[in-house]
>>> print(open('model11.csv').read())   # CSV, C-alpha atoms
chain,number,residue,atom,x,y,z
A,394,MET,CA,182.1,95.1,143.6
A,395,THR,CA,179.8,92.1,143.7
A,396,SER,CA,180.5,88.8,142.3
A,397,GLU,CA,177.7,86.8,140.7
A,398,ASN,CA,177.4,83.1,140.4
A,399,PRO,CA,176.5,81.4,137.1
A,400,ASP,CA,173.0,80.8,138.4
A,401,GLY,CA,172.4,84.6,138.8
A,402,GLY,CA,172.6,85.0,142.6
A,403,THR,CA,175.1,86.8,144.6
A,404,PRO,CA,177.1,84.9,147.3
A,405,ALA,CA,174.9,86.5,150.0
A,406,GLU,CA,171.7,85.3,148.2
A,407,ASP,CA,173.2,81.8,147.8
A,408,LEU,CA,174.1,81.7,151.5
A,409,LEU,CA,170.5,82.8,152.4
A,410,ARG,CA,169.1,80.1,150.1
A,411,LYS,CA,171.3,77.5,151.8
A,412,ALA,CA,170.2,78.7,155.2
A,413,ARG,CA,166.6,78.5,154.3
A,414,GLY,CA,167.1,74.9,153.1
A,415,HIS,CA,168.9,74.0,156.3
A,416,TYR,CA,166.1,75.6,158.3
A,417,ALA,CA,163.5,73.6,156.3
A,418,LEU,CA,165.4,70.3,157.0
A,419,ILE,CA,165.6,71.0,160.7
A,420,SER,CA,161.9,72.0,160.8
A,421,THR,CA,160.9,68.7,159.2
A,422,ALA,CA,163.0,66.7,161.7
A,423,LEU,CA,161.5,68.7,164.5
A,424,GLU,CA,158.0,68.0,163.3
A,425,HIS,CA,158.8,64.3,163.1
A,426,ALA,CA,160.2,64.4,166.6
A,427,ARG,CA,157.1,66.2,167.8
A,428,GLU,CA,154.9,63.5,166.3
A,429,THR,CA,157.0,60.8,167.9
A,430,LEU,CA,156.6,62.5,171.3
A,431,ASN,CA,152.8,62.5,170.9
A,432,THR,CA,152.6,58.9,169.9
A,433,SER,CA,155.3,57.3,171.9
A,434,GLU,CA,156.2,57.3,175.6
A,435,THR,CA,159.8,56.2,174.9
A,436,ALA,CA,160.8,59.2,172.8
A,437,ASP,CA,164.3,60.6,173.4
A,438,VAL,CA,163.7,63.9,175.1
A,439,LYS,CA,167.3,65.0,174.8
A,440,LYS,CA,167.2,64.4,171.0
A,441,VAL,CA,164.1,66.6,170.8
A,442,ALA,CA,165.7,69.3,172.9
A,443,ASP,CA,168.8,69.3,170.7
A,444,LEU,CA,166.6,69.5,167.6
A,445,LEU,CA,164.7,72.4,169.1
A,446,ARG,CA,167.9,74.2,169.9
A,447,ASP,CA,169.2,73.6,166.4
A,448,HIS,CA,165.9,74.8,165.0
A,449,TRP,CA,166.0,78.1,166.8
A,450,LYS,CA,169.7,78.7,165.9
A,451,ALA,CA,168.9,78.0,162.2
A,452,PHE,CA,165.9,80.3,162.4
A,453,GLN,CA,167.9,83.1,163.9
A,454,THR,CA,170.7,82.7,161.4
A,455,THR,CA,168.2,82.8,158.5
A,456,LEU,CA,166.6,85.9,159.9
A,457,ASP,CA,170.0,87.6,160.3
A,458,LEU,CA,171.0,86.8,156.8
A,459,GLU,CA,167.7,88.1,155.4
A,460,ALA,CA,168.1,91.3,157.4
A,461,ASN,CA,171.7,91.8,156.2
A,462,LEU,CA,170.8,91.1,152.6
A,463,GLU,CA,167.8,93.5,152.7
A,464,LYS,CA,170.0,96.2,154.3
A,465,ARG,CA,172.7,95.7,151.6
A,466,ASN,CA,170.1,95.8,148.8
A,467,ARG,CA,168.6,99.1,150.2
A,468,GLU,CA,172.1,100.6,150.5
A,469,ARG,CA,172.9,99.7,146.9
A,470,ALA,CA,169.6,101.3,145.8
A,471,GLY,CA,170.6,104.5,147.6
A,472,ILE,CA,168.0,104.2,150.3
A,473,VAL,CA,169.2,105.7,153.5
A,474,HIS,CA,166.9,106.0,156.6
A,475,GLY,CA,163.9,105.2,154.4
A,476,TYR,CA,164.7,107.8,151.8
A,477,ALA,CA,166.2,107.4,148.4
A,478,LEU,CA,168.5,110.1,147.0
A,479,ASP,CA,167.4,111.5,143.7
A,480,LEU,CA,170.8,112.5,142.2
A,481,ASP,CA,169.2,113.8,138.9
A,482,GLN,CA,167.1,116.2,140.9
A,483,ALA,CA,170.1,117.3,143.0
A,484,ARG,CA,172.1,118.0,139.9
A,485,THR,CA,169.3,120.1,138.4
A,486,GLU,CA,169.0,122.1,141.6
A,487,VAL,CA,172.7,122.7,141.9
A,488,GLY,CA,172.8,123.8,138.3
A,489,ARG,CA,169.9,126.2,138.8
A,490,ARG,CA,171.5,127.7,141.9
A,491,LEU,CA,174.9,128.1,140.0
A,492,ALA,CA,173.0,129.8,137.2
A,493,CYS,CA,171.4,132.2,139.7
A,494,LEU,CA,174.8,133.0,141.2
A,495,LYS,CA,176.3,133.6,137.8
A,496,ALA,CA,173.5,135.9,136.8
A,497,SER,CA,173.7,137.9,140.0
A,498,ALA,CA,177.5,138.2,139.7
A,499,ALA,CA,177.1,139.5,136.1
A,500,ASP,CA,174.8,142.4,137.3
>>> encode(input="model11.csv", output="structure tokens")
Amino acid sequence: MTSENPDGGTPAEDLLRKARGHYALISTALEHARETLNTSETADVKKVADLLRDHWKAFQTTLDLEANLEKRNRERAGIVHGYALDLDQARTEVGRRLACLKASAAD
């Protein structure tokens, strides 16, 4: 059972969207800090190091969420180990084999 939000996304998709937004904010702050380092000799190195650490944590979290969401979507679609199960074809094959068994038992 999946719950959907009014805007059409699942909770996992919403979480991923928020993580991407958070990552974008940290990336912007890190870029600003990099520019400050290049233009100023009095830049706060600890602040830049903290931003860099936060950046990589947010990046890793976003990647993990994307991987988990992709895995869940593939499982819902019936794709296992790169192969999708064709249940209609399986039903047809089972029916054909049962018909053959019935025909051979009638002989």
>>> closest_residue(input="model11.csv", among="A:Ala442, A:Ala412, A:Ala492, A:Gly402", to="A:Glu459", atoms="all atoms listed in the file")
A:Ala412
>>> atom_distance(input="model11.csv", atom1="atom CA of A:Leu458", atom2="atom CA of A:Leu409")
6.0 Å
>>> atom_distance(input="model11.csv", atom1="atom CA of A:Arg413", atom2="atom CA of A:Thr455")
6.2 Å
>>> residues_around(input="model11.csv", residues="stretch 415-420 of chain A", least_positions_apart="4", cutoff="7 Å", atoms="all atoms listed in the file", output="ChimeraX atom specification")
/A:411,424,448,451-452
>>> atom_distance(input="model11.csv", atom1="atom CA of A:Leu423", atom2="atom CA of A:Val441")
7.1 Å
>>> closest_residue(input="model11.csv", among="A:Ala426, A:Thr421, A:Thr403, A:Asn466", to="A:Val438", atoms="only C-alpha atoms")
A:Ala426
